[in-house]
2 protein chains.
Amino acid sequence: MRYFEDFATGERTTLGSHTMTEAEMLAYARKYDPQSFHIDADAARRSIFGGLIASGWHTCAIVMRLSVEAHRRMDAAGAGSPGVESCRWLKPVRPGDTVTAVTEVLETWPSRSRPIGFARRRTEVTNQHGETVLTLVGISMYRRRDGAGA
Amino acid sequence: MRYFEDFATGERTTLGSHTMTEAEMLAYARKYDPQSFHIDADAARRSIFGGLIASGWHTCAIVMRLSVEAHRRMDAAGAGSPGVESCRWLKPVRPGDTVTAVTEVLETWPSRSRPIGFARRRTEVTNQHGETVLTLVGISMYRRRDGAGA
């Protein structure tokens, strides 16, 4: 298993790719982000976006899933996250777009009070044209190798 | 309709409340955030969280929906968001918890290049015990009253 001690500054990991279908974009947006440019193709065409776009929170959710799957492949001892320091939706994600997420460890530090450690990560998400559509800087927590609370 | 010009610094709005059921927490997490403490009650009990907790992204998604509904009630000319500057998952959200979101406009400024304006908002989410479970600082975009591109 990969514990906190096994993550090093500068480590880059390709989390994976996902092609966003219109159906899943609509399903997410109807449930969580029913703004017209996310759920109504006609209204979206007339909007400043010129067509349907994914909810930014949906793109984040897809990145989260790719991250969980990547952490599972590396058998990482993930212990959640206290938050995100920056999330920038730079370009719209449209039906059929394939997004690819790559993450880099910016910094690591141990908790003083709990048997875990923190990694600050920057995750960059690009589309099939090589354009960056989303950047995320967030904190991941991992159990420590010698963690009593594991 | 409420346009960019109608949002003022200091304006506070209660977006609404939502009670998180275990079923919806599991449904979201199985799809987007399948970490064991979000999808497996037994594993969650043995984790540092002591029981099932909602994916933080799920709580954000619920806040987004409450925000869309509140903006619809006030007939706001929302035009998306370029991103979030801070998202802090301060306390776990557990099955049966009722979360309430209140948002405050911190600052507004017009776009120089497009017929929209920006509002920086701080949104605080509390549970039924009055504990803050999530804070979000993000940017909302609104169409301008005289917007040619509306």
# chains A, B, ... in the order shown; residues from 1 in each chain; ligands from 1

call {"tool": "closest_atom_pairs", "arguments": {"of": "segment 10-101 of chain B", "to": "segment 13-34 of chain A", "cutoff": "7 Å", "atoms": "only C-alpha atoms", "output": "tab-separated table"}}
result
residue	atom	partner	partner_atom	distance
B:Ala61	CA	A:Tyr32	CA	5.4
B:Ile62	CA	A:Tyr32	CA	6.2
B:Met64	CA	A:Asp33	CA	6.0
B:Arg65	CA	A:Tyr32	CA	4.8
B:Val68	CA	A:Asp33	CA	6.6

call {"tool": "write_last_selection", "arguments": {"atoms": "N, CA and C atoms", "output": "PDB file, in the first residue's frame"}}
result
ATOM      1  N   ALA B  61     -22.401  20.007  -4.975  1.00  0.00           N
ATOM      2  CA  ALA B  61     -23.435  19.874  -6.008  1.00  0.00           C
ATOM      3  C   ALA B  61     -24.808  20.273  -5.447  1.00  0.00           C
ATOM      4  N   ILE B  62     -25.073  19.880  -4.205  1.00  0.00           N
ATOM      5  CA  ILE B  62     -26.341  20.257  -3.564  1.00  0.00           C
ATOM      6  C   ILE B  62     -26.414  21.782  -3.396  1.00  0.00           C
ATOM      7  N   MET B  64     -24.923  23.924  -5.244  1.00  0.00           N
ATOM      8  CA  MET B  64     -25.132  24.478  -6.582  1.00  0.00           C
ATOM      9  C   MET B  64     -26.617  24.450  -6.922  1.00  0.00           C
ATOM     10  N   ARG B  65     -27.280  23.316  -6.636  1.00  0.00           N
ATOM     11  CA  ARG B  65     -28.704  23.237  -6.968  1.00  0.00           C
ATOM     12  C   ARG B  65     -29.519  24.253  -6.169  1.00  0.00           C
ATOM     13  N   VAL B  68     -28.994  27.557  -7.836  1.00  0.00           N
ATOM     14  CA  VAL B  68     -29.748  27.716  -9.083  1.00  0.00           C
ATOM     15  C   VAL B  68     -31.218  27.995  -8.775  1.00  0.00           C
TER      16      VAL B  68
END

call {"tool": "interface_residues", "arguments": {"of": "chain B", "to": "chain A", "cutoff": "10 Å", "atoms": "only C-alpha atoms", "output": "ChimeraX atom specification"}}
result
/B:28-38,46-49,55-58,60-69,71-72,78-92,114-116,134-139,143,149-150

call {"tool": "write_last_selection", "arguments": {"atoms": "C-alpha atoms", "output": "short mmCIF file (atom, residue, chain, number, x, y, z; two decimals), in the first residue's frame"}}
result
data_model
loop_
_atom_site.label_atom_id
_atom_site.label_comp_id
_atom_site.auth_asym_id
_atom_site.auth_seq_id
_atom_site.Cartn_x
_atom_site.Cartn_y
_atom_site.Cartn_z
CA TYR B 28 -23.61 10.09 -5.87
CA ALA B 29 -20.51 8.48 -4.41
CA ARG B 30 -20.84 5.21 -6.33
CA LYS B 31 -20.91 7.26 -9.51
CA TYR B 32 -18.35 9.98 -8.84
CA ASP B 33 -16.40 9.40 -5.63
CA PRO B 34 -16.27 5.69 -4.77
CA GLN B 35 -13.92 5.93 -1.81
CA SER B 36 -14.75 3.32 0.83
CA PHE B 37 -15.84 5.83 3.48
CA HIS B 38 -18.43 7.19 1.01
CA ARG B 46 -13.54 1.56 10.70
CA SER B 47 -12.19 4.73 8.99
CA ILE B 48 -11.07 7.95 10.65
CA PHE B 49 -14.58 9.29 9.95
CA SER B 55 -18.55 13.15 -0.83
CA GLY B 56 -17.52 16.79 -0.47
CA TRP B 57 -18.25 17.21 -4.17
CA HIS B 58 -21.78 15.98 -3.52
CA CYS B 60 -21.00 21.24 -3.41
CA ALA B 61 -23.43 19.87 -6.01
CA ILE B 62 -26.34 20.26 -3.56
CA VAL B 63 -25.27 23.84 -2.84
CA MET B 64 -25.13 24.48 -6.58
CA ARG B 65 -28.70 23.24 -6.97
CA LEU B 66 -29.91 25.37 -4.06
CA SER B 67 -28.15 28.32 -5.68
CA VAL B 68 -29.75 27.72 -9.08
CA GLU B 69 -33.18 27.45 -7.45
CA HIS B 71 -31.40 32.49 -8.57
CA ARG B 72 -34.49 31.28 -10.42
CA GLY B 78 -26.87 34.11 -14.37
CA ALA B 79 -24.16 33.44 -16.93
CA GLY B 80 -22.02 30.73 -15.33
CA SER B 81 -18.83 30.91 -13.32
CA PRO B 82 -15.10 31.06 -14.08
CA GLY B 83 -14.26 29.21 -10.91
CA VAL B 84 -13.96 28.82 -7.17
CA GLU B 85 -11.22 30.43 -5.10
CA SER B 86 -11.66 28.38 -1.98
CA CYS B 87 -13.68 25.32 -0.98
CA ARG B 88 -13.23 24.05 2.54
CA TRP B 89 -14.87 20.84 3.69
CA LEU B 90 -14.75 21.63 7.41
CA LYS B 91 -16.88 18.88 8.91
CA PRO B 92 -18.31 15.63 7.55
CA ARG B 114 -18.00 41.12 -22.50
CA PRO B 115 -21.55 42.25 -21.65
CA ILE B 116 -21.39 40.58 -18.25
CA LEU B 134 -18.50 23.87 4.06
CA THR B 135 -17.38 27.32 3.00
CA LEU B 136 -17.06 28.31 -0.65
CA VAL B 137 -15.68 31.49 -2.17
CA GLY B 138 -16.48 31.63 -5.86
CA ILE B 139 -17.17 33.95 -8.74
CA ARG B 143 -25.51 39.43 -17.81
CA GLY B 149 -24.81 39.67 -26.01
CA ALA B 150 -27.65 38.75 -23.67
#

call {"tool": "select_by_dssp", "arguments": {"residues": "segment 20-120 of chain A", "states": "strand (DSSP E)", "output": "PyMOL selection string"}}
result
chain A and resi 83-89+98-110+116-120

call {"tool": "atom_distance", "arguments": {"atom1": "atom CA of Arg12 of chain A", "atom2": "atom CA of Ala76 of chain A"}}
result
14.6 Å

call {"tool": "residues_around", "arguments": {"residues": "Arg145 of chain A", "least_positions_apart": "2", "cutoff": "7 Å", "atoms": "only C-alpha atoms", "output": "PDB file with N, CA and C atoms, in the first residue's frame"}}
result
ATOM      1  N   TYR A   3       1.455   4.811   1.309  1.00  0.00           N
ATOM      2  CA  TYR A   3       1.077   5.694   2.407  1.00  0.00           C
ATOM      3  C   TYR A   3       1.585   7.106   2.145  1.00  0.00           C
ATOM      4  N   PHE A   4       1.250   8.013   3.063  1.00  0.00           N
ATOM      5  CA  PHE A   4       1.696   9.404   2.960  1.00  0.00           C
ATOM      6  C   PHE A   4       3.189   9.491   2.622  1.00  0.00           C
ATOM      7  N   GLU A   5       3.983   8.668   3.308  1.00  0.00           N
ATOM      8  CA  GLU A   5       5.443   8.734   3.142  1.00  0.00           C
ATOM      9  C   GLU A   5       5.887   8.405   1.719  1.00  0.00           C
ATOM     10  N   ARG A 143      -3.168   8.226   4.929  1.00  0.00           N
ATOM     11  CA  ARG A 143      -2.771   7.634   6.197  1.00  0.00           C
ATOM     12  C   ARG A 143      -1.246   7.451   6.225  1.00  0.00           C
ATOM     13  N   GLY A 147       0.643   4.669  11.085  1.00  0.00           N
ATOM     14  CA  GLY A 147      -0.514   5.337  11.698  1.00  0.00           C
ATOM     15  C   GLY A 147      -1.280   4.464  12.666  1.00  0.00           C
TER      16      GLY A 147
END

call {"tool": "atom_distance", "arguments": {"atom1": "atom CA of Thr126 of chain B", "atom2": "atom CA of Ala70 of chain B"}}
result
17.0 Å

call {"tool": "atom_distance", "arguments": {"atom1": "atom CA of Asp97 of chain B", "atom2": "atom CA of Asn127 of chain B"}}
result
6.3 Å

call {"tool": "select_by_dssp", "arguments": {"residues": "chain B", "states": "alpha helix (DSSP H)", "output": "count of residues only"}}
result
39
